[in-house]
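input17.pdb, holding PDB, C-alpha atoms:
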ATOM      1  CA  MET A   1     -30.059  87.029  44.843
ATOM      2  CA  HIS A   2     -30.122  83.370  45.864
ATOM      3  CA  THR A   3     -33.653  81.971  45.888
ATOM      4  CA  VAL A   4     -34.983  78.524  46.788
ATOM      5  CA  LYS A   5     -37.932  76.787  45.138
ATOM      6  CA  LEU A   6     -40.618  75.888  47.634
ATOM      7  CA  LYS A   7     -44.368  75.326  47.576
ATOM      8  CA  LEU A   8     -47.031  77.897  48.366
ATOM      9  CA  VAL A   9     -50.109  76.090  49.673
ATOM     10  CA  THR A  10     -53.327  78.130  49.649
ATOM     11  CA  ILE A  11     -56.412  76.903  51.510
ATOM     12  CA  ILE A  12     -59.876  78.453  51.557
ATOM     13  CA  ALA A  13     -62.344  77.261  54.199
ATOM     14  CA  THR A  14     -65.037  78.549  56.533
ATOM     15  CA  ARG A  15     -63.609  80.451  59.494
ATOM     16  CA  LEU A  16     -64.298  77.690  61.983
ATOM     17  CA  ILE A  17     -62.629  75.015  59.921
ATOM     18  CA  ALA A  18     -59.745  77.371  59.090
ATOM     19  CA  GLU A  19     -58.838  77.532  62.781
ATOM     20  CA  GLU A  20     -58.592  73.757  62.946
ATOM     21  CA  ILE A  21     -56.561  73.758  59.740
ATOM     22  CA  VAL A  22     -54.049  76.257  61.157
ATOM     23  CA  SER A  23     -53.314  73.873  64.031
ATOM     24  CA  ALA A  24     -53.033  70.974  61.624
ATOM     25  CA  ILE A  25     -50.617  72.651  59.205
ATOM     26  CA  LEU A  26     -48.297  73.749  62.029
ATOM     27  CA  ARG A  27     -48.379  70.199  63.393
ATOM     28  CA  LEU A  28     -47.628  68.824  59.925
ATOM     29  CA  GLY A  29     -44.485  70.912  59.557
ATOM     30  CA  ALA A  30     -45.400  74.449  58.407
ATOM     31  CA  LYS A  31     -43.386  77.147  60.227
ATOM     32  CA  GLY A  32     -45.987  79.863  59.816
ATOM     33  CA  TYR A  33     -49.002  81.024  57.862
ATOM     34  CA  THR A  34     -50.836  84.115  56.655
ATOM     35  CA  ALA A  35     -54.614  84.453  56.951
ATOM     36  CA  THR A  36     -56.956  86.914  55.244
ATOM     37  CA  ASP A  37     -60.727  87.268  55.476
ATOM     38  CA  ALA A  38     -62.468  86.240  52.303
ATOM     39  CA  ARG A  39     -65.922  85.532  50.968
ATOM     40  CA  GLY A  40     -67.031  83.502  48.050
ATOM     41  CA  GLN A  41     -69.134  80.934  46.465
ATOM     42  CA  GLY A  42     -68.369  77.434  45.381
ATOM     43  CA  ALA A  43     -70.083  74.467  43.886
ATOM     44  CA  ARG A  44     -69.544  70.772  44.391
ATOM     45  CA  GLY A  45     -70.419  69.088  41.151
ATOM     46  CA  LEU A  46     -74.167  69.243  40.701
ATOM     47  CA  GLU A  47     -74.971  69.643  44.378
ATOM     48  CA  PRO A  48     -76.194  73.007  45.627
ATOM     49  CA  LEU A  49     -73.597  75.572  46.705
ATOM     50  CA  ASP A  50     -71.839  74.128  49.718
ATOM     51  CA  TRP A  51     -70.113  77.190  51.042
ATOM     52  CA  GLU A  52     -70.959  80.789  50.750
ATOM     53  CA  GLY A  53     -70.200  83.747  52.926
ATOM     54  CA  SER A  54     -67.440  84.215  55.443
ATOM     55  CA  ASN A  55     -64.286  82.336  54.746
ATOM     56  CA  THR A  56     -60.647  82.472  55.609
ATOM     57  CA  ARG A  57     -57.877  82.295  53.016
ATOM     58  CA  LEU A  58     -54.772  80.678  54.486
ATOM     59  CA  GLU A  59     -51.395  80.516  52.833
ATOM     60  CA  THR A  60     -48.200  78.855  53.921
ATOM     61  CA  ILE A  61     -44.795  78.313  52.331
ATOM     62  CA  VAL A  62     -43.438  74.828  52.882
ATOM     63  CA  SER A  63     -41.295  72.085  51.341
ATOM     64  CA  ALA A  64     -42.839  69.875  48.668
ATOM     65  CA  GLU A  65     -43.005  67.078  51.241
ATOM     66  CA  VAL A  66     -44.897  69.126  53.836
ATOM     67  CA  ALA A  67     -47.205  70.472  51.088
ATOM     68  CA  GLU A  68     -48.050  66.892  50.149
ATOM     69  CA  ARG A  69     -48.723  66.026  53.796
ATOM     70  CA  ILE A  70     -50.981  69.062  54.300
ATOM     71  CA  ILE A  71     -52.998  68.405  51.159
ATOM     72  CA  ALA A  72     -53.381  64.696  51.987
ATOM     73  CA  HIS A  73     -54.609  65.648  55.476
ATOM     74  CA  LEU A  74     -57.139  68.114  54.077
ATOM     75  CA  ALA A  75     -58.364  65.576  51.538
ATOM     76  CA  ASP A  76     -58.820  62.895  54.233
ATOM     77  CA  THR A  77     -60.435  65.170  56.794
ATOM     78  CA  TYR A  78     -62.561  67.689  54.953
ATOM     79  CA  PHE A  79     -63.085  66.964  51.308
ATOM     80  CA  ALA A  80     -65.978  64.510  51.707
ATOM     81  CA  HIS A  81     -68.182  66.869  53.724
ATOM     82  CA  HIS A  82     -66.846  70.407  53.454
ATOM     83  CA  GLY A  83     -66.188  72.892  50.691
ATOM     84  CA  VAL A  84     -62.488  73.282  51.461
ATOM     85  CA  ILE A  85     -60.345  74.457  48.543
ATOM     86  CA  ALA A  86     -56.632  73.692  48.483
ATOM     87  CA  PHE A  87     -54.025  74.265  45.814
ATOM     88  CA  GLN A  88     -50.273  74.441  45.571
ATOM     89  CA  GLN A  89     -47.919  76.498  43.423
ATOM     90  CA  ASP A  90     -44.192  76.832  42.910
ATOM     91  CA  VAL A  91     -42.638  79.873  44.539
ATOM     92  CA  GLU A  92     -39.136  81.262  44.685
ATOM     93  CA  VAL A  93     -38.200  82.394  48.153
ATOM     94  CA  VAL A  94     -35.220  84.158  49.687
ATOM     95  CA  ARG A  95     -34.032  82.754  53.028
ATOM     96  CA  GLY A  96     -35.495  79.372  52.154
ATOM     97  CA  GLU A  97     -34.264  77.796  55.395
ATOM     98  CA  LYS A  98     -36.772  79.905  57.307
ATOM     99  CA  TYR A  99     -39.597  77.758  55.976
ATOM    100  CA  LEU A 100     -38.087  74.303  56.481
TER
ATOM    101  CA  MET B   1     -55.134  86.189  23.813
ATOM    102  CA  HIS B   2     -51.562  87.459  23.896
ATOM    103  CA  THR B   3     -50.054  87.193  27.375
ATOM    104  CA  VAL B   4     -46.645  88.222  28.704
ATOM    105  CA  LYS B   5     -44.674  86.380  31.398
ATOM    106  CA  LEU B   6     -43.872  88.624  34.323
ATOM    107  CA  LYS B   7     -43.176  88.171  38.026
ATOM    108  CA  LEU B   8     -45.708  88.452  40.824
ATOM    109  CA  VAL B   9     -43.894  89.523  43.983
ATOM    110  CA  THR B  10     -45.801  88.964  47.246
ATOM    111  CA  ILE B  11     -44.610  90.554  50.480
ATOM    112  CA  ILE B  12     -46.030  90.081  53.970
ATOM    113  CA  ALA B  13     -44.962  92.503  56.687
ATOM    114  CA  THR B  14     -46.315  94.395  59.676
ATOM    115  CA  ARG B  15     -48.489  97.349  58.652
ATOM    116  CA  LEU B  16     -45.900  99.955  59.556
ATOM    117  CA  ILE B  17     -43.134  98.306  57.586
ATOM    118  CA  ALA B  18     -45.523  97.631  54.691
ATOM    119  CA  GLU B  19     -45.994 101.396  54.240
ATOM    120  CA  GLU B  20     -42.263 101.875  53.908
ATOM    121  CA  ILE B  21     -42.090  98.931  51.516
ATOM    122  CA  VAL B  22     -44.779 100.432  49.255
ATOM    123  CA  SER B  23     -42.647 103.554  48.795
ATOM    124  CA  ALA B  24     -39.584 101.421  48.153
ATOM    125  CA  ILE B  25     -41.158  99.170  45.519
ATOM    126  CA  LEU B  26     -42.550 102.158  43.584
ATOM    127  CA  ARG B  27     -39.099 103.781  43.721
ATOM    128  CA  LEU B  28     -37.500 100.526  42.539
ATOM    129  CA  GLY B  29     -39.681 100.354  39.429
ATOM    130  CA  ALA B  30     -43.079  98.848  40.291
ATOM    131  CA  LYS B  31     -45.967 100.663  38.577
ATOM    132  CA  GLY B  32     -48.574  99.748  41.194
ATOM    133  CA  TYR B  33     -49.456  97.357  43.980
ATOM    134  CA  THR B  34     -52.379  95.711  45.744
ATOM    135  CA  ALA B  35     -52.614  95.518  49.537
ATOM    136  CA  THR B  36     -54.839  93.373  51.731
ATOM    137  CA  ASP B  37     -55.079  93.143  55.513
ATOM    138  CA  ALA B  38     -53.749  89.883  56.853
ATOM    139  CA  ARG B  39     -52.823  88.239  60.100
ATOM    140  CA  GLY B  40     -50.526  85.381  60.794
ATOM    141  CA  GLN B  41     -47.779  83.763  62.633
ATOM    142  CA  GLY B  42     -44.244  83.046  61.633
ATOM    143  CA  ALA B  43     -41.106  81.574  63.087
ATOM    144  CA  ARG B  44     -37.483  82.423  62.493
ATOM    145  CA  GLY B  45     -35.544  79.234  62.930
ATOM    146  CA  LEU B  46     -35.542  78.325  66.592
ATOM    147  CA  GLU B  47     -36.172  81.838  67.852
ATOM    148  CA  PRO B  48     -39.582  82.672  69.299
ATOM    149  CA  LEU B  49     -42.289  83.861  66.915
ATOM    150  CA  ASP B  50     -41.151  87.158  65.504
ATOM    151  CA  TRP B  51     -44.355  88.469  64.051
ATOM    152  CA  GLU B  52     -47.890  87.812  64.975
ATOM    153  CA  GLY B  53     -51.011  89.835  64.533
ATOM    154  CA  SER B  54     -51.804  92.587  62.090
ATOM    155  CA  ASN B  55     -49.992  92.404  58.826
ATOM    156  CA  THR B  56     -50.320  93.669  55.310
ATOM    157  CA  ARG B  57     -50.030  91.442  52.261
ATOM    158  CA  LEU B  58     -48.658  93.374  49.308
ATOM    159  CA  GLU B  59     -48.482  92.152  45.754
ATOM    160  CA  THR B  60     -47.035  93.731  42.663
ATOM    161  CA  ILE B  61     -46.487  92.600  39.077
ATOM    162  CA  VAL B  62     -43.114  93.576  37.699
ATOM    163  CA  SER B  63     -40.345  92.530  35.326
ATOM    164  CA  ALA B  64     -37.878  89.867  36.498
ATOM    165  CA  GLU B  65     -35.281  92.609  36.880
ATOM    166  CA  VAL B  66     -37.457  94.794  39.115
ATOM    167  CA  ALA B  67     -38.505  91.707  41.120
ATOM    168  CA  GLU B  68     -34.829  90.968  41.749
ATOM    169  CA  ARG B  69     -34.235  94.553  42.818
ATOM    170  CA  ILE B  70     -37.208  94.563  45.210
ATOM    171  CA  ILE B  71     -36.234  91.284  46.826
ATOM    172  CA  ALA B  72     -32.595  92.359  47.203
ATOM    173  CA  HIS B  73     -33.757  95.590  48.850
ATOM    174  CA  LEU B  74     -36.022  93.713  51.274
ATOM    175  CA  ALA B  75     -33.251  91.271  52.118
ATOM    176  CA  ASP B  76     -30.770  94.083  52.818
ATOM    177  CA  THR B  77     -33.171  96.263  54.768
ATOM    178  CA  TYR B  78     -35.459  93.991  56.742
ATOM    179  CA  PHE B  79     -34.440  90.365  56.807
ATOM    180  CA  ALA B  80     -31.929  90.637  59.656
ATOM    181  CA  HIS B  81     -34.343  92.181  62.149
ATOM    182  CA  HIS B  82     -37.897  91.798  60.895
ATOM    183  CA  GLY B  83     -40.198  88.949  59.987
ATOM    184  CA  VAL B  84     -40.781  90.095  56.416
ATOM    185  CA  ILE B  85     -41.810  87.358  53.970
ATOM    186  CA  ALA B  86     -41.176  87.778  50.252
ATOM    187  CA  PHE B  87     -41.635  85.397  47.374
ATOM    188  CA  GLN B  88     -41.933  85.579  43.620
ATOM    189  CA  GLN B  89     -43.894  83.553  41.098
ATOM    190  CA  ASP B  90     -44.311  83.460  37.340
ATOM    191  CA  VAL B  91     -47.534  84.999  36.068
ATOM    192  CA  GLU B  92     -49.043  85.436  32.651
ATOM    193  CA  VAL B  93     -50.481  88.891  32.155
ATOM    194  CA  VAL B  94     -52.461  90.620  29.418
ATOM    195  CA  ARG B  95     -51.363  94.168  28.617
ATOM    196  CA  GLY B  96     -47.868  93.401  29.894
ATOM    197  CA  GLU B  97     -46.586  96.873  28.980
ATOM    198  CA  LYS B  98     -48.750  98.336  31.742
ATOM    199  CA  TYR B  99     -46.413  96.835  34.345
ATOM    200  CA  LEU B 100     -43.072  97.773  32.791
TER
ATOM    201  CA  MET C   1     -51.787  62.528  46.233
ATOM    202  CA  HIS C   2     -53.174  62.916  42.742
ATOM    203  CA  THR C   3     -53.222  66.548  41.624
ATOM    204  CA  VAL C   4     -54.469  68.174  38.418
ATOM    205  CA  LYS C   5     -52.919  71.210  36.735
ATOM    206  CA  LEU C   6     -55.410  74.029  36.340
ATOM    207  CA  LYS C   7     -55.265  77.810  36.070
ATOM    208  CA  LEU C   8     -55.679  80.279  38.911
ATOM    209  CA  VAL C   9     -57.056  83.523  37.520
ATOM    210  CA  THR C  10     -56.681  86.572  39.775
ATOM    211  CA  ILE C  11     -58.549  89.795  39.024
ATOM    212  CA  ILE C  12     -58.302  93.127  40.834
ATOM    213  CA  ALA C  13     -60.957  95.741  40.155
ATOM    214  CA  THR C  14     -63.033  98.399  41.905
ATOM    215  CA  ARG C  15     -65.816  96.903  44.025
ATOM    216  CA  LEU C  16     -68.559  97.883  41.641
ATOM    217  CA  ILE C  17     -66.882  96.377  38.610
ATOM    218  CA  ALA C  18     -65.904  93.292  40.625
ATOM    219  CA  GLU C  19     -69.597  92.469  41.149
ATOM    220  CA  GLU C  20     -70.192  92.546  37.410
ATOM    221  CA  ILE C  21     -67.067  90.433  36.881
ATOM    222  CA  VAL C  22     -68.284  87.766  39.318
ATOM    223  CA  SER C  23     -71.447  87.303  37.246
ATOM    224  CA  ALA C  24     -69.385  87.190  34.069
ATOM    225  CA  ILE C  25     -66.891  84.573  35.263
ATOM    226  CA  LEU C  26     -69.661  82.260  36.500
ATOM    227  CA  ARG C  27     -71.419  82.660  33.141
ATOM    228  CA  LEU C  28     -68.144  81.929  31.328
ATOM    229  CA  GLY C  29     -67.664  78.614  33.116
ATOM    230  CA  ALA C  30     -66.093  79.190  36.543
ATOM    231  CA  LYS C  31     -67.656  77.034  39.284
ATOM    232  CA  GLY C  32     -66.861  79.400  42.131
ATOM    233  CA  TYR C  33     -64.659  82.252  43.275
ATOM    234  CA  THR C  34     -63.043  83.803  46.325
ATOM    235  CA  ALA C  35     -63.136  87.546  46.993
ATOM    236  CA  THR C  36     -61.086  89.637  49.413
ATOM    237  CA  ASP C  37     -61.132  93.376  50.082
ATOM    238  CA  ALA C  38     -58.041  95.108  48.823
ATOM    239  CA  ARG C  39     -56.685  98.561  48.226
ATOM    240  CA  GLY C  40     -53.958  99.759  45.976
ATOM    241  CA  GLN C  41     -52.601 102.021  43.415
ATOM    242  CA  GLY C  42     -51.933 101.516  39.772
ATOM    243  CA  ALA C  43     -50.716 103.438  36.812
ATOM    244  CA  ARG C  44     -51.640 103.239  33.166
ATOM    245  CA  GLY C  45     -48.584 104.192  31.195
ATOM    246  CA  LEU C  46     -47.967 107.878  31.644
ATOM    247  CA  GLU C  47     -51.545 108.768  32.536
ATOM    248  CA  PRO C  48     -52.364 109.704  36.125
ATOM    249  CA  LEU C  49     -53.219 106.916  38.535
ATOM    250  CA  ASP C  50     -56.422 105.352  37.293
ATOM    251  CA  TRP C  51     -57.494 103.427  40.335
ATOM    252  CA  GLU C  52     -56.814 103.991  43.939
ATOM    253  CA  GLY C  53     -58.687 103.038  47.050
ATOM    254  CA  SER C  54     -61.222 100.310  47.584
ATOM    255  CA  ASN C  55     -60.851  97.297  45.399
ATOM    256  CA  THR C  56     -61.823  93.662  45.346
ATOM    257  CA  ARG C  57     -59.373  90.872  44.640
ATOM    258  CA  LEU C  58     -61.132  87.937  42.985
ATOM    259  CA  GLU C  59     -59.642  84.533  42.354
ATOM    260  CA  THR C  60     -61.030  81.514  40.605
ATOM    261  CA  ILE C  61     -59.648  78.119  39.618
ATOM    262  CA  VAL C  62     -60.628  77.058  36.126
ATOM    263  CA  SER C  63     -59.502  75.113  33.070
ATOM    264  CA  ALA C  64     -57.035  76.765  30.679
ATOM    265  CA  GLU C  65     -59.890  77.236  28.233
ATOM    266  CA  VAL C  66     -62.174  79.013  30.711
ATOM    267  CA  ALA C  67     -59.204  81.130  31.898
ATOM    268  CA  GLU C  68     -58.656  82.235  28.313
ATOM    269  CA  ARG C  69     -62.333  83.082  27.933
ATOM    270  CA  ILE C  70     -62.419  85.099  31.171
ATOM    271  CA  ILE C  71     -59.299  87.073  30.308
ATOM    272  CA  ALA C  72     -60.531  87.783  26.770
ATOM    273  CA  HIS C  73     -63.847  89.017  28.209
ATOM    274  CA  LEU C  74     -62.071  91.306  30.683
ATOM    275  CA  ALA C  75     -59.805  92.654  27.959
ATOM    276  CA  ASP C  76     -62.754  93.405  25.659
ATOM    277  CA  THR C  77     -64.985  94.899  28.337
ATOM    278  CA  TYR C  78     -62.787  96.758  30.780
ATOM    279  CA  PHE C  79     -59.223  97.245  29.676
ATOM    280  CA  ALA C  80     -59.808 100.335  27.515
ATOM    281  CA  HIS C  81     -61.448 102.404  30.246
ATOM    282  CA  HIS C  82     -60.833 100.770  33.614
ATOM    283  CA  GLY C  83     -57.831  99.847  35.708
ATOM    284  CA  VAL C  84     -58.690  96.152  35.914
ATOM    285  CA  ILE C  85     -55.740  93.838  36.563
ATOM    286  CA  ALA C  86     -55.904  90.191  35.516
ATOM    287  CA  PHE C  87     -53.287  87.478  35.561
ATOM    288  CA  GLN C  88     -53.163  83.711  35.429
ATOM    289  CA  GLN C  89     -50.876  81.143  37.014
ATOM    290  CA  ASP C  90     -50.479  77.391  36.991
ATOM    291  CA  VAL C  91     -51.812  75.636  40.083
ATOM    292  CA  GLU C  92     -51.925  72.027  41.200
ATOM    293  CA  VAL C  93     -55.271  71.103  42.654
ATOM    294  CA  VAL C  94     -56.699  68.034  44.337
ATOM    295  CA  ARG C  95     -60.229  67.068  43.273
ATOM    296  CA  GLY C  96     -59.689  68.783  39.925
ATOM    297  CA  GLU C  97     -63.136  67.762  38.646
ATOM    298  CA  LYS C  98     -64.704  70.126  41.161
ATOM    299  CA  TYR C  99     -63.512  73.091  39.104
ATOM    300  CA  LEU C 100     -64.445  71.880  35.619
TER
END
Translate this file's structure into structure tokens.
Amino acid sequence: MHTVKLKLVTIIATRLIAEEIVSAILRLGAKGYTATDARGQGARGLEPLDWEGSNTRLETIVSAEVAERIIAHLADTYFAHHGVIAFQQDVEVVRGEKYL
Amino acid sequence: MHTVKLKLVTIIATRLIAEEIVSAILRLGAKGYTATDARGQGARGLEPLDWEGSNTRLETIVSAEVAERIIAHLADTYFAHHGVIAFQQDVEVVRGEKYL
Amino acid sequence: MHTVKLKLVTIIATRLIAEEIVSAILRLGAKGYTATDARGQGARGLEPLDWEGSNTRLETIVSAEVAERIIAHLADTYFAHHGVIAFQQDVEVVRGEKYL
């Protein structure tokens, strides 16, 4: 089975911010996304917990270049004031062209 | 801690198709699976969005050989007409024999 | 964009055990976690299915050392009598210091 190496970008944010992020990732080149309801708790250094409760977990499969663009956008827009989590991983995908 | 390298296969499909897929992956050698409710949006090339709304996100940890078999089955059965997403990743697992 | 390589630890357990696990992972050094409701089915060797139904899927981003500690704790505490699943993966994270 022929697979292509792409990036899986996972983002966890409050529901309100997640809606904005969906628009942004599609604008930045993602062809789709999956969202699940999540809850959790996070800390920012020594500050008090900065997000807790209802969150959305977004994931999208994109090229390395689009992944970079999405993460840079999140860093610029949300990281200073919001508890957004973002990470990327390698994934092997069939029908790689679907995501590009 | 002794860990074993296996494959995590993640599949996103409409709920109805996900039920069929669960039976298929167990038949093809998976020893279990985890399912979560999801929603999302995807595109197939230049065609209109081909899935939107209520989906199921399935994940299963299997050997590389079973992962290959599952992905080949999904490609043969669903990829032509349905917006099924499937990808695999390396994972390190304790008690690897549980999944084989 | 500067990213740091860390570990994503994913744990799937019954809801009751998941609450205990959340306390344990924070005590063992995790700075946060994300939880989603899940369901599934698993087998333990040739024994009958040992978990089925309502589960929680936890994920946390931590250093390799904390990942090791969490997985060792889960193995010692739950693996003999409970169907807890745990696996780790490499992830690239922005703002890596947030998780350490």
message: as an MDAnalysis selection string, could you give me every residue of chain C near chain B (at most 12 Å apart, counting only C-alpha atoms)?
response: chainID C and resid 7:14 35:57 64:65 67:76 78:80 83:91
Rotated and translated chain A onto chain B by C-alpha atoms, as a short mmCIF file (atom, residue, chain, number, x, y, z; two decimals) with C-alpha atoms, keeping the file's coordinate frame:
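result.cif was written with the following content:
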data_model
loop_
_atom_site.label_atom_id
_atom_site.label_comp_id
_atom_site.auth_asym_id
_atom_site.auth_seq_id
_atom_site.Cartn_x
_atom_site.Cartn_y
_atom_site.Cartn_z
CA MET A 1 -55.15 86.19 23.81
CA HIS A 2 -51.58 87.49 23.89
CA THR A 3 -50.06 87.21 27.36
CA VAL A 4 -46.64 88.22 28.69
CA LYS A 5 -44.68 86.39 31.38
CA LEU A 6 -43.87 88.62 34.32
CA LYS A 7 -43.17 88.17 38.02
CA LEU A 8 -45.70 88.44 40.82
CA VAL A 9 -43.89 89.52 43.98
CA THR A 10 -45.80 88.96 47.23
CA ILE A 11 -44.61 90.54 50.48
CA ILE A 12 -46.03 90.07 53.97
CA ALA A 13 -44.95 92.49 56.70
CA THR A 14 -46.32 94.39 59.68
CA ARG A 15 -48.49 97.33 58.67
CA LEU A 16 -45.90 99.94 59.57
CA ILE A 17 -43.14 98.30 57.60
CA ALA A 18 -45.53 97.63 54.70
CA GLU A 19 -46.00 101.37 54.24
CA GLU A 20 -42.26 101.86 53.91
CA ILE A 21 -42.09 98.93 51.52
CA VAL A 22 -44.78 100.42 49.26
CA SER A 23 -42.65 103.54 48.81
CA ALA A 24 -39.59 101.42 48.16
CA ILE A 25 -41.16 99.17 45.52
CA LEU A 26 -42.55 102.15 43.59
CA ARG A 27 -39.12 103.77 43.73
CA LEU A 28 -37.51 100.53 42.54
CA GLY A 29 -39.68 100.37 39.43
CA ALA A 30 -43.08 98.84 40.30
CA LYS A 31 -45.98 100.67 38.59
CA GLY A 32 -48.56 99.74 41.20
CA TYR A 33 -49.46 97.37 43.99
CA THR A 34 -52.38 95.71 45.75
CA ALA A 35 -52.61 95.54 49.54
CA THR A 36 -54.85 93.38 51.73
CA ASP A 37 -55.08 93.15 55.51
CA ALA A 38 -53.75 89.89 56.84
CA ARG A 39 -52.82 88.22 60.09
CA GLY A 40 -50.54 85.36 60.79
CA GLN A 41 -47.78 83.76 62.62
CA GLY A 42 -44.24 83.05 61.64
CA ALA A 43 -41.11 81.60 63.08
CA ARG A 44 -37.48 82.46 62.51
CA GLY A 45 -35.53 79.28 62.95
CA LEU A 46 -35.52 78.39 66.62
CA GLU A 47 -36.16 81.91 67.86
CA PRO A 48 -39.57 82.74 69.31
CA LEU A 49 -42.30 83.90 66.93
CA ASP A 50 -41.15 87.20 65.51
CA TRP A 51 -44.36 88.47 64.03
CA GLU A 52 -47.90 87.80 64.93
CA GLY A 53 -51.04 89.81 64.52
CA SER A 54 -51.79 92.58 62.09
CA ASN A 55 -49.98 92.41 58.83
CA THR A 56 -50.31 93.67 55.32
CA ARG A 57 -50.04 91.44 52.26
CA LEU A 58 -48.65 93.38 49.31
CA GLU A 59 -48.49 92.15 45.75
CA THR A 60 -47.03 93.73 42.67
CA ILE A 61 -46.49 92.59 39.08
CA VAL A 62 -43.11 93.57 37.71
CA SER A 63 -40.34 92.51 35.33
CA ALA A 64 -37.88 89.86 36.48
CA GLU A 65 -35.28 92.61 36.88
CA VAL A 66 -37.45 94.80 39.12
CA ALA A 67 -38.50 91.70 41.12
CA GLU A 68 -34.83 90.96 41.75
CA ARG A 69 -34.22 94.56 42.82
CA ILE A 70 -37.20 94.56 45.21
CA ILE A 71 -36.24 91.27 46.82
CA ALA A 72 -32.59 92.34 47.20
CA HIS A 73 -33.76 95.57 48.86
CA LEU A 74 -36.02 93.70 51.27
CA ALA A 75 -33.25 91.24 52.12
CA ASP A 76 -30.77 94.07 52.81
CA THR A 77 -33.17 96.24 54.78
CA TYR A 78 -35.46 93.97 56.74
CA PHE A 79 -34.45 90.36 56.81
CA ALA A 80 -31.93 90.61 59.66
CA HIS A 81 -34.35 92.17 62.15
CA HIS A 82 -37.90 91.78 60.89
CA GLY A 83 -40.20 88.92 59.98
CA VAL A 84 -40.78 90.08 56.41
CA ILE A 85 -41.80 87.35 53.97
CA ALA A 86 -41.17 87.78 50.25
CA PHE A 87 -41.63 85.39 47.37
CA GLN A 88 -41.93 85.57 43.62
CA GLN A 89 -43.90 83.55 41.08
CA ASP A 90 -44.33 83.45 37.33
CA VAL A 91 -47.54 85.00 36.06
CA GLU A 92 -49.06 85.44 32.64
CA VAL A 93 -50.48 88.90 32.15
CA VAL A 94 -52.47 90.62 29.43
CA ARG A 95 -51.36 94.18 28.60
CA GLY A 96 -47.87 93.41 29.86
CA GLU A 97 -46.59 96.89 28.98
CA LYS A 98 -48.75 98.32 31.75
CA TYR A 99 -46.40 96.85 34.34
CA LEU A 100 -43.05 97.80 32.81
#
task: Record the distance separating atom CA of Ile17 of chain A and atom CA of Gly29 of chain A, expressed in Å with one decimal.
output: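 Atom-to-atom, atom CA of Ile17 of chain A to atom CA of Gly29 of chain A, that is 18.6 Å.
For the atom pair formed by atom CA of Glu20 of chain B and atom CA of His82 of chain B, the distance is 13.0 Å, given to one decimal.
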Box along x, y and z, 8 Å on every side, all listed atoms of segment 85-96 of chain A inside: centre and edge lengths in Å to one decimal, as JSON.
{"center_x": -47.2, "center_y": 78.9, "center_z": 48.0, "size_x": 42.3, "size_y": 26.5, "size_z": 26.1}
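In this model, the gap between atom CA of Glu19 of chain C and atom CA of Ser63 of chain C comes to 21.6 Å.
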